[in-house]
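Undergrad: I have a structure here, written as structure tokens, and I will follow up with some questions on it.
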Amino acid sequence: MEFLRISLSRCAALFRRRRLDEELEEELQVHLELAMEEHLRRGLPTEDARAAALRDFGGVTQTRERYRMQRGMPLLESGWQDLRFGFRHLCRNPGFALTIVFSLALGIGATVSVFSIAYAVLVHPYPYADPDRIVYPLLADRSGRLDWTQLTGAQVRELAKSGVVERLSARVNRTMALTDHDFPESVTASFQTGDSFPMLGVPALLGRNLGPADSPSGQAPQPVVMLSYKFWLRHFNGDPGAVGRTLELDHKEYTIVGVTGPRFGWGGNNGNIDVYLPQRLSDDLPADLSFFVFFRLRQGITRAAANAELQPLFEQFASETPENFPRQFRVKVQRLEDGTIRELGGTLDLLFAAVSLLLAIACANASILLLARGAVRQHELAVRSAAGASAGRIFRQLLTESLLLSFAGTALGVLFAYSTLGSIIAWLPVDSFPNEANFHINVPVLMFSGGLALLTGVLFGIFPAVQVVRPGIHPMMQAGNHRIAGSVRGTRLHGALIVGQIALTLLLLTAAGGAIEGFTRMNRVPLGYDPHNVMAISIPLQENSSTHWAERVHYFTRLRDKVGELPGVVSVGISTNATPPDSGWNQTFALPGKPGDEEQKALIQFVGPDYFSTLHIPLLQGRIWNAAEVDRGATMVLVNQSFAGRYFPHGDALGHSLEVSALKSQPPDLLAASGSDGWMQIIGVVADSVNDGVGHPIQPAIFMPFSTFMFMGTQILIRSRTDPYPILPSVRKQIAAVNRDQEVGVHGDGRLETWIRQEPAWARARLISGLFAVFASLALVLAAVGLYSVVSYSVAQRTNEFGIRLALGAQRNDISKIVLASAGVRVGLGMVTGFGLSLASTHLIAHWLENSGHDPLVATAVCLLMVLVSATACLLPANRAASVDPMLALRCE
Amino acid sequence: MEENKSEVLQGTLDLMVLKTLETMGAQHGYGIARRIEQVSEDSLRLNQGTIYPALLRLWQRGWISTEWGTSENNRRARYYSLTRAGRKQPEMETANWERIAATMARLLAVR
């Protein structure tokens, strides 16, 4: 109660300061007059009376000050004062203040954005209920390689009964055509079994989720559809009235029952699912329809227990459908994030390390500057201390300034993080992170980095105050003996900071050099084909269309020829599954006397005869099929150089035969030419081209006429004279002229150059080398600034000494040498440490960076760069020291 | 001569001011200071200025109230007087002081 009353009156006093001051003034005045009158009455002369009155009073100013302290909120008031003073002080040294603020902002911004991405991708990407228990089975073959498996409807039902499974979701994805528009549009549909949505446990944004009732057993599924959030925005402009309306897919009406939440991306690869439809699991499903399965583990079942439990079940499945299973395998259930961690985890670890280094360098830089600044201010602080400022007051003053800097740095860092987050995400490899991931600034990380910045500021900002408060103010004030010896405390700390900073910078530079080298090498690897001005379009077939082999061959040929009629198109080629850089169907094959086994595999590519000329892949030996041979599905193949070299090392591949037994017709979807699973003759050898992804070695490949084996769709490659993208609308028109119901799919913008950029390995290499280059350059700049300020500061400290040396006959060169030598030792030490660190971490970096280089030339270049930058940072102040006028320096105070 | 005067002990000035106001009634700052000096018969070194922060402290606690009046030399001056809450204070503070003084005396008596 009393406390409250006092606080209130103190608070109130804050706002009436002027009036209260006037009243106090009046009161004190009256007091002095009364006292003086009394002394006069006692007979003292006027002057003496006044002096006596003042003496009795004992310090008007002190009384005023103590009265004010008692009256208002002294901490608050002096805090405000400190803030204003600090601000003015920093404004007088804008270079110093800005450097610290920017250092901290860079460190904090980089850390926060990278950590935020890592958090969104790795720690908390899935919006589903209890996502840790949702798993999917992968099969590890003998070599440990993990592979997906597909199960038939009957097998899925069997699996759902397993004791470890709580609920199971199976899906089949298929392209459908949206047929209520002028042009049919492809949509990606995901057919989900009844338990899928209940397993995920998240509510629909609008309407309801699909449920078991939509696909009752023994009946055809209900004609209902659920829209994905993005599709809903795109097609219904986010109109809530969409629910209840109908959607025409493949000429059939579906009632829209719901819309998924914004982050819902189940069943797709890159948030690419447009619509969800119910799927049943009855006995009467086509035998070849197979499902991808996910399931929720029962509470308390570990993944190891699930693996053990499911192993015999999957072995039973393997005996039923051996074509879907490797010969020997172990079941390994995976959490949803395991794939992401495999794909991106290393990259993010590496970026973590890089930004942590950057943050450390930034903090070191801030510390160095604060220390240097503090040392310069020793004199000022000593004077203030002698003039009566209490230790606490000086502490508070310095603290305020440091906090001001730290807060400004943090605020700028947050802005910086916000603005960079988007561009880093744009550089993340497509498909490498869950499409459900929700990227936003991570508050705990922000707190951590900001806290670190504050700590740095506070620790190193009040360091000078500690020195002042220690005994020995007087020597500090006396003509500045510190200017001669440069023996200010903290020099050792300074040195350590510089060494550490240079070491970390060198480490970052080396890593960046390695990453950039790897990326350049990846880009320099000859592709073996020419992606420039080539575009790929995909032609998916609708269900039950072109179900006869000859009909389908003819249809694809007609589409290709129609596109080829366009002016500006140089050549067109069919490439069912052979669009580089990651193409083909990895299958075992047999050679005479060498039956197929798991080790003898090649990428089977189904192409038309114009494929090679369209991609500029040269023919090395033999010949390419003619049109008639393709039309009749001739059993003739071409192989690439890698194939020929590995299996026919004597250059005699032509005329030999091979057999791919997997090429069996499965009408109505898979149509094979007669004799496709028998022996086929090699009639030509073409040059190697990248076929297993950029950055990976080229695999043996077998090219077959596309008519040999046709899926429910194909792709057409189009080479045009100029950029192909603008002719895409004309291409669509040509296709529609053949069949107005035919959809045209385009991956990205269709350009093959874009296909390369979307390669995970390529994108990852670009992300890492790009970010590392940026981080390393920032680190280099920070280190240079740190070094520069330390050397300048030590030069300023020793101006007097240099004056004496010059007066005693030292040459200007000698002065430069002294400055450079003292800095050189630290730089050298830092570089040796940094070099040692990077050598020690080579192994670690190689583990993270699949394509990192470790060219000694790069290491040398990095060191040279470091030396060059350090030398520049030291030379500028050294020259300034050398050019000092001895007379001025000696008088310098 | 000066050396024989004792400093005003921390915390005792408030009691002196309260006691003075109890005996003298409403009084201005100078009056209070002079009264304390007179009662102490010049054995106390009082910086007169220090009573102003003390007065403010007492006012903040609600023990004394202020009003503007006219001084002996016809100037506007601030007069201080005890409030109802303040009237109880001298007794309590006195008891407190005696306890401290007794403790000190006992401590000093120990050899």
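By convention in this document, the chains of the structure tokens carry letters A, B, ... by their order, each chain's residues are numbered from 1, and ligands are numbered from 1 in the order they are shown.
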Quick one: which residues from chain B are at most 10 Å off chain A, using only C-alpha atoms, as a PyMOL selection string?

TA: chain B and resi 28-31+33-34+45-62+71-79

Undergrad: Just the selected residues (N, CA and C atoms), exported as an mmCIF file, in the first residue's frame, please.

TA:
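As written to disk, part-v5.cif reads:
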```
data_model
loop_
_atom_site.group_PDB
_atom_site.id
_atom_site.type_symbol
_atom_site.label_atom_id
_atom_site.label_comp_id
_atom_site.auth_asym_id
_atom_site.auth_seq_id
_atom_site.Cartn_x
_atom_site.Cartn_y
_atom_site.Cartn_z
ATOM 1 N N HIS B 28 8.044 25.776 8.556
ATOM 2 C CA HIS B 28 8.726 25.660 7.267
ATOM 3 C C HIS B 28 10.092 25.038 7.468
ATOM 4 N N GLY B 29 10.736 24.718 6.298
ATOM 5 C CA GLY B 29 11.982 23.948 6.319
ATOM 6 C C GLY B 29 13.051 24.580 7.199
ATOM 7 N N TYR B 30 13.238 25.889 7.053
ATOM 8 C CA TYR B 30 14.289 26.547 7.820
ATOM 9 C C TYR B 30 14.000 26.444 9.297
ATOM 10 N N GLY B 31 12.740 26.632 9.620
ATOM 11 C CA GLY B 31 12.340 26.566 11.025
ATOM 12 C C GLY B 31 12.659 25.200 11.608
ATOM 13 N N ALA B 33 14.869 23.043 10.575
ATOM 14 C CA ALA B 33 16.315 22.830 10.660
ATOM 15 C C ALA B 33 16.893 23.562 11.871
ATOM 16 N N ARG B 34 16.480 24.816 12.039
ATOM 17 C CA ARG B 34 17.012 25.605 13.166
ATOM 18 C C ARG B 34 16.619 24.984 14.486
ATOM 19 N N ARG B 45 26.116 18.124 13.660
ATOM 20 C CA ARG B 45 26.445 18.808 12.415
ATOM 21 C C ARG B 45 25.370 18.479 11.391
ATOM 22 N N LEU B 46 24.456 19.393 11.239
ATOM 23 C CA LEU B 46 23.350 19.158 10.304
ATOM 24 C C LEU B 46 23.555 20.016 9.065
ATOM 25 N N ASN B 47 23.652 19.367 7.915
ATOM 26 C CA ASN B 47 23.566 20.141 6.692
ATOM 27 C C ASN B 47 22.102 20.453 6.498
ATOM 28 N N GLN B 48 21.753 21.709 6.646
ATOM 29 C CA GLN B 48 20.327 22.051 6.643
ATOM 30 C C GLN B 48 19.615 21.546 5.400
ATOM 31 N N GLY B 49 20.360 21.538 4.277
ATOM 32 C CA GLY B 49 19.748 21.113 3.016
ATOM 33 C C GLY B 49 19.175 19.706 3.078
ATOM 34 N N THR B 50 19.795 18.855 3.922
ATOM 35 C CA THR B 50 19.366 17.454 3.898
ATOM 36 C C THR B 50 17.949 17.269 4.403
ATOM 37 N N ILE B 51 17.400 18.246 5.068
ATOM 38 C CA ILE B 51 16.043 18.009 5.566
ATOM 39 C C ILE B 51 15.013 18.070 4.439
ATOM 40 N N TYR B 52 15.376 18.667 3.304
ATOM 41 C CA TYR B 52 14.375 18.736 2.226
ATOM 42 C C TYR B 52 14.075 17.373 1.610
ATOM 43 N N PRO B 53 15.111 16.606 1.248
ATOM 44 C CA PRO B 53 14.796 15.234 0.791
ATOM 45 C C PRO B 53 14.039 14.457 1.864
ATOM 46 N N ALA B 54 14.408 14.685 3.160
ATOM 47 C CA ALA B 54 13.723 13.968 4.233
ATOM 48 C C ALA B 54 12.253 14.358 4.283
ATOM 49 N N LEU B 55 11.982 15.659 4.138
ATOM 50 C CA LEU B 55 10.592 16.130 4.150
ATOM 51 C C LEU B 55 9.804 15.513 2.992
ATOM 52 N N LEU B 56 10.463 15.470 1.842
ATOM 53 C CA LEU B 56 9.796 14.892 0.678
ATOM 54 C C LEU B 56 9.461 13.427 0.949
ATOM 55 N N ARG B 57 10.446 12.712 1.577
ATOM 56 C CA ARG B 57 10.257 11.294 1.862
ATOM 57 C C ARG B 57 9.051 11.101 2.772
ATOM 58 N N LEU B 58 8.962 11.941 3.803
ATOM 59 C CA LEU B 58 7.858 11.823 4.760
ATOM 60 C C LEU B 58 6.530 12.160 4.096
ATOM 61 N N TRP B 59 6.595 13.158 3.189
ATOM 62 C CA TRP B 59 5.368 13.562 2.499
ATOM 63 C C TRP B 59 4.880 12.417 1.601
ATOM 64 N N GLN B 60 5.881 11.757 0.908
ATOM 65 C CA GLN B 60 5.510 10.653 0.022
ATOM 66 C C GLN B 60 4.846 9.529 0.808
ATOM 67 N N ARG B 61 5.279 9.378 2.080
ATOM 68 C CA ARG B 61 4.667 8.315 2.880
ATOM 69 C C ARG B 61 3.323 8.735 3.450
ATOM 70 N N GLY B 62 2.990 9.975 3.263
ATOM 71 C CA GLY B 62 1.693 10.440 3.755
ATOM 72 C C GLY B 62 1.713 10.791 5.227
ATOM 73 N N SER B 71 6.039 33.512 5.345
ATOM 74 C CA SER B 71 7.117 33.385 6.327
ATOM 75 C C SER B 71 7.266 34.679 7.113
ATOM 76 N N GLU B 72 8.191 34.672 8.109
ATOM 77 C CA GLU B 72 8.438 35.831 8.945
ATOM 78 C C GLU B 72 8.856 37.034 8.115
ATOM 79 N N ASN B 73 9.577 36.784 6.991
ATOM 80 C CA ASN B 73 10.019 37.917 6.166
ATOM 81 C C ASN B 73 9.050 38.188 5.006
ATOM 82 N N ASN B 74 7.783 37.739 5.231
ATOM 83 C CA ASN B 74 6.729 38.025 4.258
ATOM 84 C C ASN B 74 6.962 37.418 2.878
ATOM 85 N N ARG B 75 7.564 36.263 2.891
ATOM 86 C CA ARG B 75 7.726 35.557 1.612
ATOM 87 C C ARG B 75 6.839 34.336 1.629
ATOM 88 N N ARG B 76 6.463 33.898 0.385
ATOM 89 C CA ARG B 76 5.671 32.675 0.301
ATOM 90 C C ARG B 76 6.580 31.521 0.703
ATOM 91 N N ALA B 77 6.123 30.677 1.656
ATOM 92 C CA ALA B 77 6.956 29.562 2.109
ATOM 93 C C ALA B 77 6.085 28.338 2.291
ATOM 94 N N ARG B 78 6.729 27.189 2.175
ATOM 95 C CA ARG B 78 5.966 25.952 2.311
ATOM 96 C C ARG B 78 6.011 25.515 3.770
ATOM 97 N N TYR B 79 4.819 25.297 4.336
ATOM 98 C CA TYR B 79 4.718 24.879 5.729
ATOM 99 C C TYR B 79 4.374 23.416 5.792
#
```

Undergrad: Env of stretch 781-793 of chain A: 8 Å cut, atoms = only C-alpha atoms, seq-sep filter 6 positions within chain, self excluded. Answer as number ranges by chain.

TA: A: 103, 361-362, 365, 368-369, 372, 376, 494, 498, 501-502, 505, 819, 823, 869-870, 873-874, 876-878

Undergrad: Keeping only C-alpha atoms, write the selected residues to a file as a JSON list (two decimals), in the first residue's frame.

TA:
```
[["chain", "number", "residue", "atom", "x", "y", "z"],
["A", 103, "SER", "CA", 27.86, -6.76, -38.27],
["A", 361, "ILE", "CA", 32.54, -13.71, -36.67],
["A", 362, "ALA", "CA", 29.95, -10.94, -36.47],
["A", 365, "ASN", "CA", 33.69, -8.07, -34.87],
["A", 368, "ILE", "CA", 36.58, -5.88, -31.30],
["A", 369, "LEU", "CA", 35.01, -2.57, -32.21],
["A", 372, "ALA", "CA", 38.72, -0.51, -29.39],
["A", 376, "VAL", "CA", 39.79, 5.24, -26.83],
["A", 494, "HIS", "CA", 41.86, -8.12, -28.79],
["A", 498, "ILE", "CA", 41.39, -11.15, -34.21],
["A", 501, "GLN", "CA", 37.99, -14.14, -36.44],
["A", 502, "ILE", "CA", 40.60, -14.71, -39.10],
["A", 505, "THR", "CA", 36.83, -16.60, -41.86],
["A", 819, "VAL", "CA", 52.55, -1.68, -37.26],
["A", 823, "ALA", "CA", 49.27, -7.15, -36.85],
["A", 869, "VAL", "CA", 42.56, -8.46, -47.67],
["A", 870, "SER", "CA", 44.41, -8.52, -44.34],
["A", 873, "ALA", "CA", 43.25, -3.69, -43.86],
["A", 874, "CYS", "CA", 46.58, -3.24, -42.06],
["A", 876, "LEU", "CA", 45.90, 1.74, -44.60],
["A", 877, "PRO", "CA", 46.34, 2.55, -40.91],
["A", 878, "ALA", "CA", 50.04, 1.69, -41.07]]
```

Undergrad: Identify all residues of stretch 108-259 of chain A in strand (DSSP E or B) (DSSP on the backbone) and supply them as a VMD selection string.

TA: chain A and resid 134 to 140 146 to 147 151 to 152 165 to 178 185 to 193 206 to 207 224 to 227 246 to 249 252 to 259

Undergrad: Save out the residues we just selected, C-alpha atoms, as a PDB file, in the first residue's frame.

TA:
```
ATOM      1  CA  ILE A 134       2.787 -41.805 -39.361  1.00  0.00           C
ATOM      2  CA  VAL A 135       5.202 -44.061 -41.258  1.00  0.00           C
ATOM      3  CA  TYR A 136       5.645 -45.731 -44.627  1.00  0.00           C
ATOM      4  CA  PRO A 137       7.443 -48.957 -45.431  1.00  0.00           C
ATOM      5  CA  LEU A 138      10.597 -48.906 -47.543  1.00  0.00           C
ATOM      6  CA  LEU A 139      12.570 -51.968 -48.513  1.00  0.00           C
ATOM      7  CA  ALA A 140      16.326 -52.052 -48.121  1.00  0.00           C
ATOM      8  CA  LEU A 146      16.068 -48.006 -49.880  1.00  0.00           C
ATOM      9  CA  ASP A 147      13.266 -48.410 -52.342  1.00  0.00           C
ATOM     10  CA  LEU A 151       1.114 -53.304 -52.809  1.00  0.00           C
ATOM     11  CA  THR A 152      -1.977 -54.725 -54.449  1.00  0.00           C
ATOM     12  CA  VAL A 165      -1.072 -50.620 -37.704  1.00  0.00           C
ATOM     13  CA  GLU A 166      -3.641 -48.326 -36.164  1.00  0.00           C
ATOM     14  CA  ARG A 167      -4.998 -46.834 -39.385  1.00  0.00           C
ATOM     15  CA  LEU A 168      -3.780 -47.166 -42.919  1.00  0.00           C
ATOM     16  CA  SER A 169      -3.885 -44.877 -45.911  1.00  0.00           C
ATOM     17  CA  ALA A 170      -3.307 -46.182 -49.422  1.00  0.00           C
ATOM     18  CA  ARG A 171      -3.310 -44.098 -52.544  1.00  0.00           C
ATOM     19  CA  VAL A 172      -3.079 -44.144 -56.293  1.00  0.00           C
ATOM     20  CA  ASN A 173      -2.335 -40.924 -58.126  1.00  0.00           C
ATOM     21  CA  ARG A 174      -3.461 -40.338 -61.660  1.00  0.00           C
ATOM     22  CA  THR A 175      -3.778 -37.469 -64.066  1.00  0.00           C
ATOM     23  CA  MET A 176      -7.333 -36.613 -64.995  1.00  0.00           C
ATOM     24  CA  ALA A 177      -8.765 -34.087 -67.366  1.00  0.00           C
ATOM     25  CA  LEU A 178     -10.942 -31.241 -66.290  1.00  0.00           C
ATOM     26  CA  GLU A 185      -6.791 -29.186 -68.439  1.00  0.00           C
ATOM     27  CA  SER A 186      -4.700 -31.771 -66.651  1.00  0.00           C
ATOM     28  CA  VAL A 187      -5.298 -32.117 -62.953  1.00  0.00           C
ATOM     29  CA  THR A 188      -3.434 -34.436 -60.634  1.00  0.00           C
ATOM     30  CA  ALA A 189      -5.884 -36.590 -58.742  1.00  0.00           C
ATOM     31  CA  SER A 190      -5.060 -38.592 -55.674  1.00  0.00           C
ATOM     32  CA  PHE A 191      -7.357 -41.528 -54.992  1.00  0.00           C
ATOM     33  CA  GLN A 192      -7.295 -42.079 -51.253  1.00  0.00           C
ATOM     34  CA  THR A 193      -8.701 -45.038 -49.361  1.00  0.00           C
ATOM     35  CA  LEU A 206     -14.366 -25.953 -45.756  1.00  0.00           C
ATOM     36  CA  GLY A 207     -16.984 -28.673 -45.945  1.00  0.00           C
ATOM     37  CA  VAL A 224     -17.449 -36.857 -54.603  1.00  0.00           C
ATOM     38  CA  VAL A 225     -14.279 -34.816 -54.740  1.00  0.00           C
ATOM     39  CA  MET A 226     -12.300 -32.793 -52.259  1.00  0.00           C
ATOM     40  CA  LEU A 227     -10.292 -29.858 -53.594  1.00  0.00           C
ATOM     41  CA  THR A 246     -19.849 -30.069 -59.200  1.00  0.00           C
ATOM     42  CA  LEU A 247     -16.594 -30.631 -61.022  1.00  0.00           C
ATOM     43  CA  GLU A 248     -16.418 -32.502 -64.330  1.00  0.00           C
ATOM     44  CA  LEU A 249     -13.440 -34.838 -64.506  1.00  0.00           C
ATOM     45  CA  LYS A 252     -17.978 -37.419 -65.202  1.00  0.00           C
ATOM     46  CA  GLU A 253     -19.608 -35.173 -62.603  1.00  0.00           C
ATOM     47  CA  TYR A 254     -18.256 -35.100 -59.055  1.00  0.00           C
ATOM     48  CA  THR A 255     -19.796 -33.209 -56.155  1.00  0.00           C
ATOM     49  CA  ILE A 256     -17.332 -31.008 -54.256  1.00  0.00           C
ATOM     50  CA  VAL A 257     -17.605 -31.916 -50.573  1.00  0.00           C
ATOM     51  CA  GLY A 258     -14.706 -30.013 -49.070  1.00  0.00           C
ATOM     52  CA  VAL A 259     -11.499 -28.020 -49.373  1.00  0.00           C
TER      53      VAL A 259
END
```

Undergrad: Have a look at atom CA of A:Ile815 and atom CA of A:Val795 and let me know their distance in Å, one decimal.

TA: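 Answer for the atom CA of A:Ile815 to atom CA of A:Val795 separation: 9.9 Å.
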
Undergrad: Could you name the residues that touch A:Asp885 at 10 Å or less, counting only C-alpha atoms, but leaving out those on the same chain fewer than 6 positions away, as a ChimeraX atom specification?

TA: /A:799,802-803,806-807

Undergrad: Any chance you could list, as a PyMOL selection string, the residues in stretch 268-314 of chain A that come up alpha helix (DSSP H) when DSSP is run on the backbone?

TA: chain A and resi 303-314

Undergrad: Write a file of the just-selected residues containing N, CA and C atoms, as a compact mmCIF listing (two decimals), in the first residue's frame.

TA:
```
# COMPACT_ATOMS: atom_id res chain seq x y z
N ARG A 303 9.56 -48.20 -34.15
CA ARG A 303 9.74 -48.53 -35.55
C ARG A 303 10.46 -49.85 -35.72
N ALA A 304 11.40 -50.12 -34.79
CA ALA A 304 12.12 -51.40 -34.86
C ALA A 304 11.13 -52.56 -34.69
N ALA A 305 10.22 -52.40 -33.74
CA ALA A 305 9.23 -53.45 -33.52
C ALA A 305 8.36 -53.61 -34.75
N ALA A 306 8.00 -52.49 -35.37
CA ALA A 306 7.16 -52.56 -36.56
C ALA A 306 7.91 -53.27 -37.68
N ASN A 307 9.21 -52.96 -37.84
CA ASN A 307 10.00 -53.63 -38.89
C ASN A 307 9.98 -55.13 -38.69
N ALA A 308 10.22 -55.56 -37.44
CA ALA A 308 10.28 -56.99 -37.16
C ALA A 308 8.93 -57.65 -37.43
N GLU A 309 7.87 -56.96 -37.04
CA GLU A 309 6.52 -57.51 -37.19
C GLU A 309 6.13 -57.62 -38.67
N LEU A 310 6.57 -56.64 -39.46
CA LEU A 310 6.12 -56.60 -40.85
C LEU A 310 6.97 -57.44 -41.80
N GLN A 311 8.19 -57.79 -41.37
CA GLN A 311 9.10 -58.53 -42.25
C GLN A 311 8.45 -59.80 -42.83
N PRO A 312 7.90 -60.70 -41.98
CA PRO A 312 7.32 -61.92 -42.57
C PRO A 312 6.14 -61.61 -43.49
N LEU A 313 5.36 -60.59 -43.13
CA LEU A 313 4.20 -60.24 -43.94
C LEU A 313 4.65 -59.79 -45.34
N PHE A 314 5.69 -58.95 -45.38
CA PHE A 314 6.16 -58.47 -46.68
C PHE A 314 6.84 -59.58 -47.46
```

Undergrad: Would you mind listing what lies within 6 Å of B:Leu82 as a list of chain:residue names, with only C-alpha atoms counted and same-chain residues fewer than 3 positions away left out?

TA: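 Once the adjacent positions are removed, what remains is B:Ile64, B:Gly86, B:Arg87.
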
Undergrad: Can you tell me which residues surround A:Gly450 at a distance of at most 8 Å, considering only C-alpha atoms, apart from same-chain residues fewer than 6 positions away, and format the answer as JSON, numbers by chain?

TA: {"A": [108, 406, 407, 410]}

Undergrad: Give me a file of those residues, with N, CA and C atoms, as a PDB file, in the first residue's frame.

TA:
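For reference, selection_10.pdb as written:
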```
ATOM      1  N   ILE A 108      22.906 -11.999 -37.328  1.00  0.00           N
ATOM      2  CA  ILE A 108      21.598 -12.409 -36.822  1.00  0.00           C
ATOM      3  C   ILE A 108      20.668 -12.762 -37.972  1.00  0.00           C
ATOM      4  N   SER A 406      23.037  -3.101 -29.780  1.00  0.00           N
ATOM      5  CA  SER A 406      22.587  -4.479 -29.936  1.00  0.00           C
ATOM      6  C   SER A 406      21.160  -4.534 -30.437  1.00  0.00           C
ATOM      7  N   PHE A 407      20.320  -3.676 -29.874  1.00  0.00           N
ATOM      8  CA  PHE A 407      18.923  -3.697 -30.296  1.00  0.00           C
ATOM      9  C   PHE A 407      18.787  -3.262 -31.747  1.00  0.00           C
ATOM     10  N   THR A 410      19.842  -6.135 -33.817  1.00  0.00           N
ATOM     11  CA  THR A 410      18.849  -7.206 -33.844  1.00  0.00           C
ATOM     12  C   THR A 410      17.677  -6.824 -34.728  1.00  0.00           C
TER      13      THR A 410
END
```

Undergrad: Write out as number ranges by chain which residues come within 9 Å of A:Arg396 when counting only C-alpha atoms, dropping same-chain ones fewer than 5 positions away.

TA: A: 78-79, 82, 391, 401, 462

Undergrad: Can you spit out the residues from that selection as an mmCIF file, in the first residue's frame, using C-alpha atoms?

TA:
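See out03.cif below for the written result:
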```cif
data_model
loop_
_atom_site.group_PDB
_atom_site.id
_atom_site.type_symbol
_atom_site.label_atom_id
_atom_site.label_comp_id
_atom_site.auth_asym_id
_atom_site.auth_seq_id
_atom_site.Cartn_x
_atom_site.Cartn_y
_atom_site.Cartn_z
ATOM 1 C CA SER A 78 18.883 8.997 -16.030
ATOM 2 C CA GLY A 79 18.159 6.068 -18.324
ATOM 3 C CA ASP A 82 21.819 7.987 -21.040
ATOM 4 C CA ALA A 391 30.802 3.713 -11.043
ATOM 5 C CA GLU A 401 25.020 2.532 -25.484
ATOM 6 C CA ILE A 462 30.989 -2.385 -20.319
#
```

Undergrad: Which residues are near A:Thr111? Cut-off 7 Å, only C-alpha atoms, ignore same chain within fewer than 5 positions. Put them as a list in words.

TA: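 The residues that qualify are Val355, Ser356 and Leu359 of chain A.
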
Undergrad: To one decimal place in Å, what is the distance between atom CA of A:Val383 and atom CA of A:Phe460?

TA: 20.7 Å

Undergrad: Just how far from atom CA of A:Ala536 is atom CA of A:Asp723, in Å to one decimal?

TA: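 Pair atom CA of A:Asp723 / atom CA of A:Ala536 returns 12.5 Å.
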